[in-house]
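Source file: upload_23.txt; contents: compact mmCIF, C-alpha atoms (C1' of nucleotides) and all ligand atoms.
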# COMPACT_ATOMS: atom_id res chain seq x y z
CA MET A 5 -19.83 -27.52 59.54
CA LYS A 6 -23.18 -26.49 60.91
CA SER A 7 -23.52 -29.49 63.21
CA ASP A 8 -20.25 -28.57 64.96
CA THR A 9 -21.61 -25.10 65.70
CA TRP A 10 -24.75 -26.63 67.13
CA LEU A 11 -22.83 -29.05 69.31
CA LYS A 12 -20.66 -26.20 70.55
CA GLU A 13 -23.79 -24.23 71.38
CA LEU A 14 -25.31 -27.18 73.25
CA ARG A 15 -22.08 -27.51 75.21
CA LYS A 16 -22.08 -23.81 75.98
CA GLN A 17 -25.52 -24.24 77.53
CA GLY A 18 -24.12 -26.91 79.83
CA TYR A 19 -25.52 -29.90 77.97
CA ARG A 20 -23.39 -32.98 77.56
CA LEU A 21 -22.33 -34.26 74.17
CA THR A 22 -23.43 -37.82 73.65
CA GLU A 23 -23.40 -40.14 70.69
CA ALA A 24 -27.17 -39.95 70.49
CA ARG A 25 -27.14 -36.16 70.37
CA ARG A 26 -24.38 -36.08 67.81
CA ALA A 27 -26.36 -38.35 65.52
CA VAL A 28 -29.55 -36.30 65.79
CA VAL A 29 -27.78 -32.97 65.38
CA GLU A 30 -25.87 -34.24 62.37
CA THR A 31 -29.07 -35.42 60.68
CA VAL A 32 -31.08 -32.27 61.23
CA ALA A 33 -28.27 -29.81 60.58
CA GLN A 34 -27.58 -31.07 57.10
CA SER A 35 -31.10 -31.77 55.93
CA PRO A 36 -32.41 -29.61 53.08
CA ARG A 37 -35.97 -30.22 54.25
CA ALA A 38 -37.92 -30.21 57.49
CA LEU A 39 -37.95 -33.60 59.22
CA SER A 40 -40.49 -35.17 61.55
CA PRO A 41 -39.26 -36.81 64.76
CA THR A 42 -39.69 -40.20 63.08
CA ASP A 43 -37.77 -39.05 60.01
CA VAL A 44 -34.95 -37.90 62.26
CA TYR A 45 -35.09 -41.17 64.14
CA ASN A 46 -34.85 -43.32 61.04
CA LEU A 47 -32.11 -41.27 59.43
CA SER A 48 -30.05 -40.98 62.60
CA LYS A 49 -30.21 -44.66 63.41
CA GLU A 50 -27.99 -45.30 60.43
CA HIS A 51 -25.20 -43.51 62.25
CA TYR A 52 -26.15 -44.63 65.72
CA PRO A 53 -28.37 -47.75 65.75
CA ALA A 54 -28.89 -47.75 69.52
CA LEU A 55 -30.74 -44.43 69.32
CA GLY A 56 -34.15 -44.19 70.96
CA LEU A 57 -37.04 -42.16 69.60
CA VAL A 58 -37.46 -40.46 72.98
CA THR A 59 -34.03 -38.96 72.67
CA VAL A 60 -34.95 -37.54 69.29
CA TYR A 61 -37.90 -35.74 70.86
CA ARG A 62 -35.78 -34.50 73.70
CA THR A 63 -32.99 -33.26 71.46
CA LEU A 64 -35.31 -31.52 69.04
CA GLU A 65 -36.90 -29.78 71.99
CA LYS A 66 -33.53 -28.43 73.09
CA LEU A 67 -32.50 -27.39 69.61
CA GLU A 68 -35.75 -25.49 69.30
CA GLU A 69 -35.21 -23.72 72.62
CA LEU A 70 -31.79 -22.62 71.42
CA HIS A 71 -33.32 -21.40 68.14
CA LEU A 72 -31.15 -23.71 66.13
CA VAL A 73 -34.17 -25.36 64.55
CA GLN A 74 -37.74 -24.26 64.03
CA ARG A 75 -41.00 -26.13 63.64
CA VAL A 76 -42.46 -26.00 60.15
CA HIS A 77 -46.19 -26.19 59.48
CA GLN A 78 -47.45 -27.84 56.31
CA GLU A 79 -50.68 -29.43 55.09
CA GLU A 80 -49.16 -32.84 55.72
CA GLY A 81 -48.31 -32.04 59.29
CA CYS A 82 -46.98 -29.52 61.73
CA ASN A 83 -44.26 -31.39 63.51
CA ALA A 84 -41.34 -31.14 61.18
CA TYR A 85 -38.14 -29.41 62.23
CA LEU A 86 -35.81 -27.39 60.06
CA SER A 87 -32.49 -25.70 60.61
CA GLU A 88 -33.34 -22.09 61.46
CA ALA A 89 -32.05 -19.16 59.40
CA GLU A 90 -30.07 -16.17 60.63
CA GLY A 91 -32.34 -13.26 61.43
CA HIS A 92 -35.98 -12.98 60.48
CA GLN A 93 -36.71 -14.98 57.39
CA HIS A 94 -39.59 -16.71 55.67
CA LEU A 95 -39.89 -20.06 53.98
CA LEU A 96 -40.35 -21.14 50.42
CA ILE A 97 -41.16 -24.84 50.31
CA CYS A 98 -41.34 -27.28 47.40
CA THR A 99 -44.56 -29.24 47.69
CA GLU A 100 -43.03 -32.14 45.80
CA CYS A 101 -39.70 -32.83 47.47
CA LYS A 102 -40.28 -30.61 50.55
CA LYS A 103 -36.99 -28.79 50.03
CA ALA A 104 -37.09 -25.56 52.03
CA VAL A 105 -35.38 -22.28 51.21
CA TYR A 106 -35.35 -19.11 53.28
CA PHE A 107 -35.95 -15.62 51.94
CA GLU A 108 -36.10 -12.15 53.45
CA GLY A 109 -39.09 -9.98 52.94
CA ASP A 110 -39.26 -7.25 55.44
CA ASP A 111 -40.60 -4.67 53.08
CA LEU A 112 -43.80 -6.28 54.30
CA GLY A 113 -43.65 -4.97 57.85
CA ASP A 114 -45.22 -1.64 56.91
CA PHE A 115 -48.08 -3.26 55.08
CA PHE A 116 -48.76 -5.57 57.99
CA GLY A 117 -48.79 -2.63 60.37
CA LYS A 118 -51.40 -0.90 58.23
CA VAL A 119 -53.58 -3.98 58.06
CA GLY A 120 -53.46 -4.09 61.83
CA GLU A 121 -54.39 -0.42 62.17
CA MET A 122 -57.41 -0.95 59.97
CA HIS A 123 -58.68 -3.52 62.43
CA ASN A 124 -57.44 -1.78 65.57
CA PHE A 125 -54.84 -4.43 66.23
CA VAL A 126 -51.25 -3.96 67.29
CA VAL A 127 -49.48 -6.41 65.01
CA ASN A 128 -46.35 -7.85 66.55
CA ASP A 129 -45.66 -10.98 64.62
CA HIS A 130 -46.36 -12.57 61.30
CA TRP A 131 -46.13 -15.88 59.67
CA LEU A 132 -45.47 -16.23 55.98
CA GLN A 133 -44.71 -19.26 53.86
CA LEU A 134 -44.72 -19.75 50.11
CA PHE A 135 -45.37 -23.09 48.47
CA GLY A 136 -44.35 -24.10 45.00
CA ILE A 137 -42.31 -26.41 42.83
CA CYS A 138 -38.56 -26.23 42.85
CA GLU A 139 -36.32 -26.30 39.82
CA ASP A 140 -35.38 -29.97 40.18
CA CYS A 141 -38.95 -31.16 40.60
CA LYS A 142 -40.12 -28.98 37.73
CA ARG A 143 -37.64 -30.80 35.51
CA ILE A 144 -38.74 -34.23 36.69
CA TYR A 145 -42.50 -33.80 36.75
CA ASP A 146 -42.95 -31.98 33.40
CA MET B 29 -77.91 -16.33 60.20
CA LYS B 30 -74.72 -18.03 59.12
CA SER B 31 -75.57 -21.37 60.69
CA ASP B 32 -78.77 -21.58 58.62
CA THR B 33 -76.76 -21.12 55.45
CA TRP B 34 -74.43 -23.89 56.52
CA LEU B 35 -77.28 -26.25 57.35
CA LYS B 36 -78.86 -25.52 53.98
CA GLU B 37 -75.55 -26.27 52.31
CA LEU B 38 -75.19 -29.55 54.18
CA ARG B 39 -78.71 -30.47 53.15
CA LYS B 40 -77.94 -29.56 49.53
CA GLN B 41 -75.07 -32.04 49.64
CA GLY B 42 -77.48 -34.76 50.71
CA TYR B 43 -76.53 -34.82 54.37
CA ARG B 44 -79.26 -35.17 56.95
CA LEU B 45 -79.95 -32.51 59.52
CA THR B 46 -79.67 -33.87 63.03
CA GLU B 47 -79.71 -32.28 66.44
CA ALA B 48 -76.03 -33.10 66.87
CA ARG B 49 -75.12 -31.39 63.62
CA ARG B 50 -77.23 -28.37 64.38
CA ALA B 51 -75.50 -27.93 67.71
CA VAL B 52 -72.01 -28.18 66.22
CA VAL B 53 -72.81 -25.92 63.27
CA GLU B 54 -74.35 -23.34 65.55
CA THR B 55 -71.29 -23.28 67.80
CA VAL B 56 -68.71 -22.97 65.06
CA ALA B 57 -70.65 -20.58 62.84
CA GLN B 58 -70.99 -17.93 65.49
CA SER B 59 -67.58 -18.22 67.13
CA PRO B 60 -65.29 -15.21 66.76
CA ARG B 61 -62.27 -17.45 67.22
CA ALA B 62 -61.00 -20.78 65.95
CA LEU B 63 -62.13 -23.72 68.07
CA SER B 64 -60.53 -27.09 68.68
CA PRO B 65 -62.70 -30.22 68.46
CA THR B 66 -62.81 -30.32 72.24
CA ASP B 67 -63.78 -26.65 72.43
CA VAL B 68 -66.60 -27.32 70.00
CA TYR B 69 -67.61 -30.37 71.98
CA ASN B 70 -67.80 -28.54 75.29
CA LEU B 71 -69.60 -25.53 73.90
CA SER B 72 -72.08 -27.56 71.88
CA LYS B 73 -72.97 -29.87 74.72
CA GLU B 74 -74.67 -26.96 76.42
CA HIS B 75 -77.23 -26.98 73.63
CA TYR B 76 -77.26 -30.72 73.10
CA PRO B 77 -75.91 -32.67 76.07
CA ALA B 78 -76.14 -36.07 74.36
CA LEU B 79 -73.53 -35.00 71.81
CA GLY B 80 -70.54 -37.27 71.26
CA LEU B 81 -67.03 -36.04 70.52
CA VAL B 82 -66.86 -38.34 67.51
CA THR B 83 -69.69 -36.47 65.90
CA VAL B 84 -67.84 -33.22 66.37
CA TYR B 85 -64.87 -34.63 64.47
CA ARG B 86 -67.11 -35.96 61.74
CA THR B 87 -69.05 -32.74 61.36
CA LEU B 88 -65.96 -30.55 61.29
CA GLU B 89 -64.57 -32.82 58.59
CA LYS B 90 -67.64 -32.25 56.44
CA LEU B 91 -67.70 -28.51 57.04
CA GLU B 92 -64.09 -28.35 55.97
CA GLU B 93 -64.79 -30.31 52.79
CA LEU B 94 -67.54 -27.85 51.93
CA HIS B 95 -65.17 -24.94 52.63
CA LEU B 96 -67.43 -23.57 55.30
CA VAL B 97 -64.67 -23.78 57.88
CA GLN B 98 -60.89 -23.85 57.65
CA ARG B 99 -58.18 -25.19 59.92
CA VAL B 100 -56.13 -22.55 61.67
CA HIS B 101 -52.52 -23.06 62.72
CA GLN B 102 -51.19 -21.35 65.82
CA GLU B 103 -48.34 -21.87 68.27
CA GLU B 104 -50.75 -23.45 70.71
CA GLY B 105 -51.96 -25.96 68.20
CA CYS B 106 -52.99 -26.64 64.65
CA ASN B 107 -56.36 -28.24 65.02
CA ALA B 108 -58.67 -25.31 65.48
CA TYR B 109 -61.47 -24.59 63.05
CA LEU B 110 -62.78 -21.21 61.99
CA SER B 111 -65.62 -20.04 59.79
CA GLU B 112 -64.06 -19.51 56.37
CA ALA B 113 -64.13 -16.14 54.60
CA GLU B 114 -65.43 -15.44 51.09
CA GLY B 115 -62.65 -15.52 48.53
CA HIS B 116 -58.94 -15.60 49.28
CA GLN B 117 -58.21 -13.95 52.59
CA HIS B 118 -55.64 -13.97 55.34
CA LEU B 119 -55.92 -14.00 59.08
CA LEU B 120 -55.15 -11.50 61.78
CA ILE B 121 -55.29 -13.20 65.17
CA CYS B 122 -55.24 -11.76 68.66
CA THR B 123 -52.73 -13.71 70.72
CA GLU B 124 -54.60 -12.89 73.91
CA CYS B 125 -58.24 -13.73 73.22
CA LYS B 126 -57.64 -15.61 69.94
CA LYS B 127 -60.22 -13.50 68.11
CA ALA B 128 -59.65 -13.89 64.37
CA VAL B 129 -60.29 -11.32 61.66
CA TYR B 130 -59.87 -11.76 57.91
CA PHE B 131 -58.16 -9.30 55.60
CA GLU B 132 -57.40 -9.19 51.89
CA GLY B 133 -53.90 -8.67 50.69
CA ASP B 134 -53.47 -9.75 47.16
CA ASP B 135 -51.14 -6.99 46.20
CA LEU B 136 -48.70 -9.53 47.57
CA GLY B 137 -49.02 -12.04 44.75
CA ASP B 138 -46.52 -10.22 42.55
CA PHE B 139 -43.94 -10.01 45.27
CA PHE B 140 -44.34 -13.70 46.04
CA GLY B 141 -43.89 -14.54 42.36
CA LYS B 142 -40.63 -12.60 42.30
CA VAL B 143 -39.33 -14.30 45.41
CA GLY B 144 -40.03 -17.59 43.70
CA GLU B 145 -38.21 -16.57 40.54
CA MET B 146 -35.15 -15.64 42.53
CA HIS B 147 -34.97 -19.19 43.81
CA ASN B 148 -36.17 -20.87 40.61
CA PHE B 149 -39.43 -21.92 42.16
CA VAL B 150 -42.89 -21.73 40.64
CA VAL B 151 -44.90 -20.36 43.55
CA ASN B 152 -48.49 -21.51 43.56
CA ASP B 153 -49.69 -20.97 47.06
CA HIS B 154 -48.93 -18.95 50.13
CA TRP B 155 -49.79 -18.83 53.74
CA LEU B 156 -49.93 -15.60 55.67
CA GLN B 157 -51.09 -14.84 59.17
CA LEU B 158 -50.58 -11.81 61.35
CA PHE B 159 -50.55 -11.97 65.13
CA GLY B 160 -51.17 -9.12 67.51
CA ILE B 161 -53.34 -7.69 70.23
CA CYS B 162 -56.86 -6.62 69.49
CA GLU B 163 -58.51 -3.45 70.69
CA ASP B 164 -60.37 -5.08 73.58
CA CYS B 165 -57.35 -6.90 74.94
CA LYS B 166 -55.22 -3.80 74.56
CA ARG B 167 -57.65 -2.01 76.84
CA ILE B 168 -57.69 -4.78 79.40
CA TYR B 169 -53.98 -5.61 79.54
CA ASP B 170 -52.55 -2.09 79.58
C1' DT C 27 -96.82 -44.04 58.76
C1' DC C 28 -93.32 -47.13 57.24
C1' DC C 29 -88.86 -48.28 55.24
C1' DT C 30 -84.36 -47.55 54.15
C1' DT C 31 -80.10 -46.17 55.25
C1' DA C 32 -77.34 -42.24 57.07
C1' DT C 33 -76.03 -40.92 61.46
C1' DT C 34 -75.21 -41.52 66.13
C1' DG C 35 -72.47 -42.40 70.64
C1' DA C 36 -69.87 -45.93 73.28
C1' DA C 37 -66.18 -48.55 73.27
C1' DA C 38 -62.15 -50.31 71.21
C1' DA C 39 -58.23 -49.46 68.38
C1' DC C 40 -54.66 -46.70 66.90
C1' DA C 41 -50.97 -43.11 66.64
C1' DA C 42 -48.16 -39.68 68.44
C1' DT C 43 -46.05 -37.86 72.37
C1' DT C 44 -44.69 -37.73 77.25
C1' DT C 45 -43.51 -39.71 81.67
C1' DT C 46 -41.26 -42.94 84.61
C1' DC C 47 -37.39 -45.38 85.99
C1' DA C 48 -33.38 -48.28 86.30
C1' DT C 49 -29.07 -48.20 83.80
C1' DT C 50 -25.37 -46.00 81.40
C1' DT C 51 -22.01 -42.51 80.52
C1' DA C 52 -20.06 -37.58 79.98
C1' DT C 53 -17.82 -34.47 82.53
C1' DC C 54 -15.41 -32.63 86.46
C1' DG C 55 -12.25 -32.50 90.38
C1' DG C 56 -8.56 -34.67 92.22
C1' DC D 16 -5.96 -41.22 84.43
C1' DC D 17 -9.17 -42.28 87.96
C1' DG D 18 -13.51 -42.35 90.39
C1' DA D 19 -17.81 -39.67 91.86
C1' DT D 20 -21.82 -37.45 90.50
C1' DA D 21 -25.49 -36.00 88.09
C1' DA D 22 -27.14 -35.72 83.30
C1' DA D 23 -28.70 -38.45 79.70
C1' DT D 24 -30.31 -42.66 77.82
C1' DG D 25 -33.69 -46.27 76.04
C1' DA D 26 -37.48 -49.50 77.28
C1' DA D 27 -41.76 -49.67 78.82
C1' DA D 28 -45.84 -47.62 80.59
C1' DA D 29 -48.93 -43.83 80.58
C1' DT D 30 -51.24 -40.20 78.44
C1' DT D 31 -53.43 -37.67 74.79
C1' DG D 32 -55.67 -36.94 70.49
C1' DT D 33 -57.97 -39.10 66.70
C1' DT D 34 -60.11 -42.87 64.01
C1' DT D 35 -62.57 -47.20 63.49
C1' DT D 36 -66.07 -50.46 64.61
C1' DC D 37 -70.63 -51.58 65.57
C1' DA D 38 -75.26 -52.00 67.26
C1' DA D 39 -78.94 -48.76 68.09
C1' DT D 40 -81.39 -44.67 66.55
C1' DA D 41 -83.76 -41.44 63.76
C1' DA D 42 -84.03 -38.45 59.28
C1' DG D 43 -86.40 -38.02 55.28
C1' DG D 44 -88.42 -40.02 50.98
C1' DA D 45 -92.35 -42.85 49.54
MN MN A 201 -41.25 -10.98 57.98
MN MN A 202 -52.94 -14.08 49.54
ZN ZN A 203 -49.66 -26.13 61.94
ZN ZN A 204 -38.71 -30.03 44.82
Turn this file's structure into structure tokens for me.
Amino acid sequence: MKSDTWLKELRKQGYRLTEARRAVVETVAQSPRALSPTDVYNLSKEHYPALGLVTVYRTLEKLEELHLVQRVHQEEGCNAYLSEAEGHQHLLICTECKKAVYFEGDDLGDFFGKVGEMHNFVVNDHWLQLFGICEDCKRIYD
Amino acid sequence: MKSDTWLKELRKQGYRLTEARRAVVETVAQSPRALSPTDVYNLSKEHYPALGLVTVYRTLEKLEELHLVQRVHQEEGCNAYLSEAEGHQHLLICTECKKAVYFEGDDLGDFFGKVGEMHNFVVNDHWLQLFGICEDCKRIYD
DNA sequence: TCCTTATTGAAAACAATTTTCATTTATCGG
DNA sequence: CCGATAAATGAAAATTGTTTTCAATAAGGA
């Protein structure tokens, strides 16, 4: 289970395992879409009603530092967190249900380097996201 | 001058031309980098000290509606506005001085379509930004 | 020049996030 | 198993960024 790996990693970093953290980790680790702090709060409260929103912020911050989650930027907002993929990947997001899927695409590196050269830049990072409609939503909204 | 074009466009939409608007438009139109509302406020005040921050927000909102500026997302924040390019373009941003340059790259559309297919998504938009170091900053920081 | 009404800036309201702090509790050493 | 200790918690306050409200101002058509 992904949440167990995350908890183990938190422990390895010297952090303590609390009920609050377990609840937050559980929620984020198994979510198919990026969640805002408030989303995480509301969902996690079902497992641990005493949870405070502050703790959600603090836990997300740590998970991000450990590269277990990443922030996702969308039109609707830029403070949603998603389980991070292994290695360098890019996102494909359904604009209806917000489901997020990772894909690789590193054939692009060369092209990006050339674009940089043309403008006398040294390119050392890139940011790529695709938006569309997923299979399930296609079925529903057609 | 780009700011004159923008003012003309505002006028065409029935908006009035005020000193406050002129100052904001001037600032944003000639900036080589994306500016936050506060940036715009501080820079514009030099030309029009009576300016209020509210007016900056309101003017940026209108410029965005008219597609004269676009919001730019970066690690440091997602509320910076930049003069928009003609047609569909992508951004190359210097992480040192924040200078932004547009480039075309629509050879990518096919690839993005294929990625979508592989995941049973219909892809209808994408978001691509490159980050690097521009010529000037390279010179300074090396 | 006058009239109408869009636009303005100050102040208040609101929302999201961070800080502060007294209390609780996870972990460690015995 | 205890405690002891320091990390972690949640409530409340503070801070920050943005929007709304509103009375005063001024742009632009007549
Ligand atoms: Mn890549
Ligand atoms: Mn494109
Ligand atoms: Zn963003
Ligand atoms: Zn969907």
Exercise for the section: Name all residues at most 12 Å from segment 30-42 of chain C (count all atoms listed in the file; drop same-chain ones fewer than 6 positions away) and give them as a ChimeraX atom specification. Expected result: /A:40-42,57-58,61,81,83 /B:42-49,77-84,86-87 /D:30-45
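With all atoms listed in the file taken into account, the protein and nucleic acid residues at most 12 Å from DT20 of chain D (excluding it and anything under 3 positions from it in its own chain) are C:DT51, C:DA52, C:DT53, C:DC54, C:DG55.
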After superposing chain B onto chain A (least squares, all C-alpha atoms, pairing by order), export the transformed chain as an mmCIF file with C-alpha atoms, in the coordinates of the input.
data_model
loop_
_atom_site.group_PDB
_atom_site.id
_atom_site.type_symbol
_atom_site.label_atom_id
_atom_site.label_comp_id
_atom_site.auth_asym_id
_atom_site.auth_seq_id
_atom_site.Cartn_x
_atom_site.Cartn_y
_atom_site.Cartn_z
ATOM 1 C CA MET B 29 -19.793 -27.630 59.425
ATOM 2 C CA LYS B 30 -23.132 -26.587 60.838
ATOM 3 C CA SER B 31 -23.477 -29.582 63.132
ATOM 4 C CA ASP B 32 -20.190 -28.696 64.857
ATOM 5 C CA THR B 33 -21.504 -25.229 65.601
ATOM 6 C CA TRP B 34 -24.639 -26.729 67.075
ATOM 7 C CA LEU B 35 -22.705 -29.181 69.226
ATOM 8 C CA LYS B 36 -20.505 -26.351 70.467
ATOM 9 C CA GLU B 37 -23.609 -24.364 71.317
ATOM 10 C CA LEU B 38 -25.131 -27.282 73.202
ATOM 11 C CA ARG B 39 -21.889 -27.682 75.106
ATOM 12 C CA LYS B 40 -21.836 -23.954 75.894
ATOM 13 C CA GLN B 41 -25.261 -24.357 77.475
ATOM 14 C CA GLY B 42 -23.880 -27.057 79.745
ATOM 15 C CA TYR B 43 -25.339 -30.018 77.900
ATOM 16 C CA ARG B 44 -23.223 -33.112 77.468
ATOM 17 C CA LEU B 45 -22.214 -34.399 74.079
ATOM 18 C CA THR B 46 -23.373 -37.952 73.546
ATOM 19 C CA GLU B 47 -23.400 -40.254 70.570
ATOM 20 C CA ALA B 48 -27.185 -40.026 70.423
ATOM 21 C CA ARG B 49 -27.099 -36.245 70.320
ATOM 22 C CA ARG B 50 -24.374 -36.173 67.727
ATOM 23 C CA ALA B 51 -26.388 -38.435 65.469
ATOM 24 C CA VAL B 52 -29.552 -36.347 65.770
ATOM 25 C CA VAL B 53 -27.734 -33.035 65.353
ATOM 26 C CA GLU B 54 -25.896 -34.323 62.321
ATOM 27 C CA THR B 55 -29.119 -35.465 60.665
ATOM 28 C CA VAL B 56 -31.079 -32.288 61.234
ATOM 29 C CA ALA B 57 -28.250 -29.849 60.563
ATOM 30 C CA GLN B 58 -27.588 -31.120 57.083
ATOM 31 C CA SER B 59 -31.149 -31.789 55.955
ATOM 32 C CA PRO B 60 -32.440 -29.606 53.125
ATOM 33 C CA ARG B 61 -35.994 -30.174 54.307
ATOM 34 C CA ALA B 62 -37.931 -30.150 57.557
ATOM 35 C CA LEU B 63 -37.981 -33.525 59.295
ATOM 36 C CA SER B 64 -40.519 -35.067 61.633
ATOM 37 C CA PRO B 65 -39.288 -36.757 64.824
ATOM 38 C CA THR B 66 -39.769 -40.112 63.145
ATOM 39 C CA ASP B 67 -37.864 -38.977 60.058
ATOM 40 C CA VAL B 68 -35.012 -37.875 62.284
ATOM 41 C CA TYR B 69 -35.185 -41.144 64.161
ATOM 42 C CA ASN B 70 -34.989 -43.296 61.052
ATOM 43 C CA LEU B 71 -32.244 -41.281 59.428
ATOM 44 C CA SER B 72 -30.150 -41.022 62.574
ATOM 45 C CA LYS B 73 -30.361 -44.695 63.385
ATOM 46 C CA GLU B 74 -28.195 -45.381 60.371
ATOM 47 C CA HIS B 75 -25.357 -43.624 62.159
ATOM 48 C CA TYR B 76 -26.281 -44.751 65.644
ATOM 49 C CA PRO B 77 -28.539 -47.808 65.686
ATOM 50 C CA ALA B 78 -29.005 -47.818 69.470
ATOM 51 C CA LEU B 79 -30.813 -44.477 69.288
ATOM 52 C CA GLY B 80 -34.197 -44.188 70.978
ATOM 53 C CA LEU B 81 -37.083 -42.121 69.644
ATOM 54 C CA VAL B 82 -37.434 -40.433 73.021
ATOM 55 C CA THR B 83 -33.993 -38.973 72.668
ATOM 56 C CA VAL B 84 -34.924 -37.532 69.312
ATOM 57 C CA TYR B 85 -37.853 -35.711 70.901
ATOM 58 C CA ARG B 86 -35.689 -34.478 73.736
ATOM 59 C CA THR B 87 -32.903 -33.287 71.478
ATOM 60 C CA LEU B 88 -35.224 -31.505 69.073
ATOM 61 C CA GLU B 89 -36.771 -29.760 72.062
ATOM 62 C CA LYS B 90 -33.381 -28.441 73.129
ATOM 63 C CA LEU B 91 -32.382 -27.398 69.627
ATOM 64 C CA GLU B 92 -35.609 -25.471 69.354
ATOM 65 C CA GLU B 93 -35.014 -23.716 72.672
ATOM 66 C CA LEU B 94 -31.597 -22.638 71.441
ATOM 67 C CA HIS B 95 -33.150 -21.406 68.178
ATOM 68 C CA LEU B 96 -31.020 -23.730 66.135
ATOM 69 C CA VAL B 97 -34.080 -25.350 64.609
ATOM 70 C CA GLN B 98 -37.656 -24.206 64.108
ATOM 71 C CA ARG B 99 -40.935 -26.046 63.713
ATOM 72 C CA VAL B 100 -42.413 -25.924 60.244
ATOM 73 C CA HIS B 101 -46.137 -26.122 59.549
ATOM 74 C CA GLN B 102 -47.387 -27.751 56.373
ATOM 75 C CA GLU B 103 -50.599 -29.365 55.161
ATOM 76 C CA GLU B 104 -49.105 -32.774 55.799
ATOM 77 C CA GLY B 105 -48.277 -31.965 59.366
ATOM 78 C CA CYS B 106 -46.962 -29.432 61.813
ATOM 79 C CA ASN B 107 -44.257 -31.298 63.616
ATOM 80 C CA ALA B 108 -41.323 -31.055 61.278
ATOM 81 C CA TYR B 109 -38.106 -29.360 62.300
ATOM 82 C CA LEU B 110 -35.774 -27.349 60.114
ATOM 83 C CA SER B 111 -32.429 -25.674 60.646
ATOM 84 C CA GLU B 112 -33.260 -22.077 61.527
ATOM 85 C CA ALA B 113 -32.003 -19.133 59.465
ATOM 86 C CA GLU B 114 -30.057 -16.122 60.749
ATOM 87 C CA GLY B 115 -32.342 -13.215 61.534
ATOM 88 C CA HIS B 116 -35.999 -12.945 60.592
ATOM 89 C CA GLN B 117 -36.726 -14.936 57.475
ATOM 90 C CA HIS B 118 -39.579 -16.672 55.738
ATOM 91 C CA LEU B 119 -39.873 -20.007 54.047
ATOM 92 C CA LEU B 120 -40.315 -21.099 50.477
ATOM 93 C CA ILE B 121 -41.150 -24.799 50.369
ATOM 94 C CA CYS B 122 -41.316 -27.211 47.469
ATOM 95 C CA THR B 123 -44.542 -29.178 47.735
ATOM 96 C CA GLU B 124 -43.011 -32.086 45.852
ATOM 97 C CA CYS B 125 -39.683 -32.779 47.548
ATOM 98 C CA LYS B 126 -40.287 -30.568 50.614
ATOM 99 C CA LYS B 127 -36.984 -28.751 50.113
ATOM 100 C CA ALA B 128 -37.081 -25.519 52.115
ATOM 101 C CA VAL B 129 -35.365 -22.243 51.289
ATOM 102 C CA TYR B 130 -35.331 -19.062 53.365
ATOM 103 C CA PHE B 131 -35.937 -15.575 52.029
ATOM 104 C CA GLU B 132 -36.081 -12.108 53.552
ATOM 105 C CA GLY B 133 -39.085 -9.944 53.049
ATOM 106 C CA ASP B 134 -39.270 -7.222 55.573
ATOM 107 C CA ASP B 135 -40.581 -4.622 53.230
ATOM 108 C CA LEU B 136 -43.801 -6.257 54.344
ATOM 109 C CA GLY B 137 -43.772 -4.949 57.900
ATOM 110 C CA ASP B 138 -45.320 -1.624 56.925
ATOM 111 C CA PHE B 139 -48.115 -3.234 55.002
ATOM 112 C CA PHE B 140 -48.865 -5.565 57.895
ATOM 113 C CA GLY B 141 -48.981 -2.606 60.279
ATOM 114 C CA LYS B 142 -51.534 -0.895 58.054
ATOM 115 C CA VAL B 143 -53.697 -3.981 57.823
ATOM 116 C CA GLY B 144 -53.686 -4.065 61.596
ATOM 117 C CA GLU B 145 -54.667 -0.419 61.885
ATOM 118 C CA MET B 146 -57.611 -0.967 59.600
ATOM 119 C CA HIS B 147 -58.949 -3.533 62.029
ATOM 120 C CA ASN B 148 -57.800 -1.771 65.204
ATOM 121 C CA PHE B 149 -55.222 -4.401 65.956
ATOM 122 C CA VAL B 150 -51.658 -3.891 67.122
ATOM 123 C CA VAL B 151 -49.801 -6.359 64.921
ATOM 124 C CA ASN B 152 -46.710 -7.778 66.545
ATOM 125 C CA ASP B 153 -45.938 -10.901 64.639
ATOM 126 C CA HIS B 154 -46.556 -12.520 61.310
ATOM 127 C CA TRP B 155 -46.239 -15.828 59.654
ATOM 128 C CA LEU B 156 -45.501 -16.177 55.978
ATOM 129 C CA GLN B 157 -44.706 -19.196 53.875
ATOM 130 C CA LEU B 158 -44.677 -19.679 50.138
ATOM 131 C CA PHE B 159 -45.308 -23.024 48.486
ATOM 132 C CA GLY B 160 -44.285 -24.048 45.011
ATOM 133 C CA ILE B 161 -42.231 -26.367 42.876
ATOM 134 C CA CYS B 162 -38.484 -26.178 42.925
ATOM 135 C CA GLU B 163 -36.220 -26.307 39.914
ATOM 136 C CA ASP B 164 -35.329 -29.986 40.286
ATOM 137 C CA CYS B 165 -38.900 -31.159 40.680
ATOM 138 C CA LYS B 166 -40.013 -28.971 37.806
ATOM 139 C CA ARG B 167 -37.548 -30.822 35.614
ATOM 140 C CA ILE B 168 -38.651 -34.227 36.804
ATOM 141 C CA TYR B 169 -42.424 -33.743 36.797
ATOM 142 C CA ASP B 170 -42.819 -31.923 33.485
#
Exercise for the section: Name the residues, using the chain letters and numbers of the file, that sit within 9 Å of (-36.1, -20.2, 56.7) when counting only C-alpha atoms (C1' of nucleotides), and give them as a count of residues only. Expected result: 16
Can you write out as JSON lines which residues of chain D fall within 12 Å of chain A, alongside each residue's closest atom pair and its distance in Å to one decimal, counting only C-alpha atoms (C1' of nucleotides) and ordering rows by chain and ascending residue number?
{"residue": "D:DA21", "atom": "C1'", "partner": "A:Arg20", "partner_atom": "CA", "distance": 11.2}
{"residue": "D:DA22", "atom": "C1'", "partner": "A:Arg20", "partner_atom": "CA", "distance": 7.4}
{"residue": "D:DA23", "atom": "C1'", "partner": "A:Arg20", "partner_atom": "CA", "distance": 7.9}
{"residue": "D:DT24", "atom": "C1'", "partner": "A:Thr59", "partner_atom": "CA", "distance": 7.4}
{"residue": "D:DG25", "atom": "C1'", "partner": "A:Gly56", "partner_atom": "CA", "distance": 5.5}
{"residue": "D:DA26", "atom": "C1'", "partner": "A:Gly56", "partner_atom": "CA", "distance": 8.9}
{"residue": "D:DA27", "atom": "C1'", "partner": "A:Val58", "partner_atom": "CA", "distance": 11.7}
